[in-house]
Structures are given as C-alpha cells and as structure tokens.
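Shown next: protein35.txt, containing compact mmCIF, C-alpha atoms and all ligand atoms.
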# COMPACT_ATOMS: atom_id res chain seq x y z
CA VAL A 24 -17.44 -56.56 33.02
CA LEU A 25 -17.16 -53.06 34.39
CA SER A 26 -16.03 -50.36 32.07
CA SER A 27 -13.78 -47.71 33.54
CA PRO A 28 -15.68 -44.56 34.51
CA SER A 29 -15.74 -41.89 31.86
CA LYS A 30 -13.37 -39.03 32.38
CA LYS A 31 -15.70 -36.85 30.39
CA PHE A 32 -18.29 -34.96 32.38
CA ARG A 33 -20.69 -32.07 32.29
CA VAL A 34 -20.12 -29.04 34.42
CA THR A 35 -22.41 -26.10 35.08
CA LEU A 36 -20.39 -23.09 36.11
CA PRO A 37 -21.79 -20.87 38.85
CA ASP A 38 -22.84 -17.50 37.39
CA SER A 39 -20.94 -15.80 40.17
CA LEU A 40 -17.60 -17.53 39.53
CA PRO A 41 -14.99 -14.74 39.77
CA PRO A 42 -12.32 -14.60 37.02
CA GLY A 43 -9.33 -16.75 37.90
CA GLN A 44 -11.07 -18.57 40.74
CA ALA A 45 -11.14 -22.34 40.45
CA PHE A 46 -14.34 -24.31 40.32
CA VAL A 47 -13.56 -27.95 41.14
CA PRO A 48 -16.44 -30.27 40.27
CA PRO A 49 -16.96 -32.81 43.11
CA GLY A 50 -14.97 -35.99 42.60
CA ARG A 51 -12.98 -34.64 39.65
CA SER A 52 -9.31 -33.86 39.44
CA VAL A 53 -9.56 -30.77 37.35
CA ALA A 54 -10.05 -27.09 38.14
CA VAL A 55 -12.32 -25.11 35.82
CA PHE A 56 -11.85 -21.38 35.34
CA LYS A 57 -13.63 -18.59 33.52
CA ASP A 58 -12.11 -15.27 32.54
CA ASP A 59 -12.37 -12.70 29.76
CA GLY A 60 -10.73 -15.16 27.37
CA GLY A 61 -13.22 -17.93 28.02
CA VAL A 62 -13.51 -21.15 29.99
CA TYR A 63 -10.61 -23.52 30.58
CA ALA A 64 -9.67 -26.51 32.71
CA ILE A 65 -6.37 -27.41 34.33
CA SER A 66 -5.56 -30.81 35.83
CA THR A 67 -5.12 -30.81 39.61
CA VAL A 68 -2.99 -33.97 39.61
CA CYS A 69 0.57 -33.08 40.59
CA THR A 70 3.06 -34.12 37.91
CA HIS A 71 5.50 -35.27 40.59
CA LEU A 72 3.79 -38.26 42.24
CA GLY A 73 0.13 -37.59 41.66
CA CYS A 74 -1.13 -35.81 44.76
CA ILE A 75 -4.00 -33.39 44.27
CA VAL A 76 -2.80 -29.79 44.17
CA LYS A 77 -4.67 -26.96 45.84
CA ASN A 78 -5.66 -23.75 44.10
CA THR A 79 -4.07 -20.69 45.73
CA ASN A 80 -4.06 -16.97 44.98
CA GLU A 81 -0.85 -17.43 42.98
CA GLY A 82 -1.75 -20.64 41.19
CA PHE A 83 -1.47 -24.13 42.65
CA GLU A 84 0.42 -25.75 45.49
CA CYS A 85 1.04 -29.43 46.13
CA PRO A 86 0.61 -30.52 49.77
CA CYS A 87 2.84 -33.58 49.39
CA HIS A 88 6.33 -32.28 48.55
CA GLY A 89 5.79 -28.57 48.11
CA SER A 90 5.71 -28.12 44.34
CA ARG A 91 4.22 -24.88 43.17
CA PHE A 92 2.60 -23.99 39.89
CA ALA A 93 1.66 -20.66 38.36
CA ALA A 94 -1.96 -19.90 37.45
CA ASP A 95 -1.35 -21.34 33.97
CA GLY A 96 -0.07 -24.59 35.47
CA SER A 97 3.61 -24.02 34.75
CA VAL A 98 6.06 -25.15 37.42
CA THR A 99 7.47 -22.38 39.64
CA LYS A 100 9.01 -24.70 42.25
CA GLY A 101 9.93 -28.38 42.04
CA PRO A 102 10.14 -31.29 42.48
CA ALA A 103 7.30 -31.43 39.93
CA PRO A 104 9.01 -32.04 36.57
CA THR A 105 6.37 -30.67 34.20
CA ALA A 106 3.44 -28.26 34.08
CA LEU A 107 -0.10 -29.22 35.03
CA PRO A 108 -1.81 -30.18 31.77
CA TRP A 109 -4.79 -28.30 30.38
CA ARG A 110 -7.86 -30.42 29.56
CA LYS A 111 -10.30 -30.21 26.72
CA VAL A 112 -13.42 -28.11 27.32
CA THR A 113 -16.38 -27.78 24.98
CA GLY A 114 -19.70 -26.01 25.41
CA SER A 115 -21.05 -22.52 25.87
CA GLY A 116 -23.17 -20.39 28.18
CA SER A 117 -22.77 -21.95 31.60
CA ASP A 118 -22.88 -25.59 30.44
CA PHE A 119 -19.61 -27.21 29.52
CA VAL A 120 -18.14 -30.64 29.02
CA VAL A 121 -14.66 -31.34 30.32
CA ASP A 122 -12.68 -34.36 29.11
CA GLU A 123 -9.96 -35.31 31.58
CA ASP A 124 -8.54 -37.78 29.05
CA VAL A 125 -7.77 -35.14 26.45
CA THR A 126 -4.92 -32.70 26.90
CA VAL A 127 -4.92 -29.43 24.98
CA PRO A 128 -2.15 -26.83 24.64
CA ALA A 129 -1.88 -24.50 27.64
CA GLY A 130 -3.86 -21.36 26.93
CA THR A 131 -6.70 -23.12 25.08
CA LYS A 132 -10.00 -21.54 26.13
CA VAL A 133 -13.55 -21.80 24.82
CA ASN A 134 -15.73 -18.74 24.58
CA ALA A 135 -18.31 -18.65 27.31
FE1 LIG B 1 3.28 -33.07 44.35
FE2 LIG B 1 5.33 -34.57 45.12
S1 LIG B 1 3.36 -35.22 44.54
S2 LIG B 1 5.23 -32.42 44.97

For this file, produce the structure as structure tokens.
Amino acid sequence: VLSSPSKKFRVTLPDSLPPGQAFVPPGRSVAVFKDDGGVYAISTVCTHLGCIVKNTNEGFECPCHGSRFAADGSVTKGPAPTALPWRKVTGSGSDFVVDEDVTVPAGTKVNA
C-alpha cells in the first residue's frame, strides 16, 4: 500500500532572496516569499481549473485562461473565483517547513 506523498516539506530559503520575489521549491505548487514581515507561502494552483500560475512583477498570472492575482493572492481578473490560498509555514532562520495541506489566513507570516 502506497501512502500519498506528504504535502509537508522543508525549504531552505536562499540568503539572497529579494523581498517579494517568489522562491518555488522544485516539484511543489507553492511560492515562498520573504519580506520585512516574515516568511509566507502562497499556493500556485489556480482556483479556476487548477493550472499552475506564474509569479509576475504584479503578482500571479494563470497561463490557461488568463486569471490574474495580486501579490497577496487576491483575484484581480477572472475567471478564477477565489484568491490563491496561503499555506502554513513554520521555522526560522533560513530553514522552514511548508504544509501545502494547511491553509492559513492571507497575511499570515512567520518571523524569519
Ligand atoms: Fe487558471 Fe483557468 S485554470 S484561469
């Protein structure tokens, strides 16, 4: 019996990660950010039909049907019906654990 792969994973943030720039761990559908407020993770799975959104200077853009999201994940252009969810992050320094199965309120950051 195979168990489903854990959606919880460790991530080491590059020291040089500029504020507001996404770090997408390979094989994961979440973008991790670091700014003055701390570290946070936003799902990159489009809330329309599940394509993977791309991080842009303004936020996120879905290649499938053109939905756009602000940097906090909120929808700025449909057809996406809801914001990109924020995921739980724990940890400190440059070592963090992201849990893609746990959604937290938008704006939740952990101190780096
Ligand atoms: Fe993203 Fe349709 S799946 S806009």

All residues within 7 Å of ligand LIG 1 (chain B) are required, counting all atoms listed in the file; please report them as a list in words.
Cys69, Thr70, His71, Leu72, Gly73, Cys74, Val76, Cys85, Pro86, Cys87, His88, Gly89, Ser90, Gly101, Pro102 and Ala103 of chain A

Quick one: residues within 12 Å of Val47 in chain A, all atoms listed in the file, excluding same-chain residues fewer than 5 positions away - as an NGL selection string?
:A and (34-37 or 40 or 52-56 or 63-67 or 75-78 or 121)

CA of Ala135 in chain A and CA of Ser39 in chain A are how many Å apart?
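Separation between CA of Ala135 in chain A and CA of Ser39 in chain A: 13.4 Å.
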
Atomic separation - CA of Phe32 in chain A relative to CA of Ala93 in chain A, Å
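Computing the Euclidean distance for CA of Ala93 in chain A and CA of Phe32 in chain A yields 25.3 Å.
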
To one decimal place, how far is CA of Val120 in chain A from CA of Thr99 in chain A in Å?
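Those two atoms sit 28.9 Å apart.
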
Box dimensions and centre (Å, one decimal) enclosing range 116-124 of chain A, axis-aligned, 4 Å extra per side, as lines of an AutoDock Vina configuration file:
center_x = -15.9
center_y = -29.1
center_z = 29.9
size_x = 22.6
size_y = 25.4
size_z = 11.4

Find the residue from A:Lys30, A:Arg91, A:Lys57, A:Ser117 that sits nearest to Thr105 in chain A; use all atoms listed in the file when measuring.
A:Arg91

Find the residues near Gly130 in chain A: any atom within 12 Å, counting only C-alpha atoms, skip ones fewer than 5 places away on the same chain, and give them as a list in words.
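Counting only C-alpha atoms, the residues come to Phe56, Asp58, Gly60, Gly61, Val62, Tyr63, Ala64, Ile65, Ala94, Asp95, Gly96, Ser97, Leu107, Pro108, Trp109, Arg110, Lys111 and Val112 of chain A.
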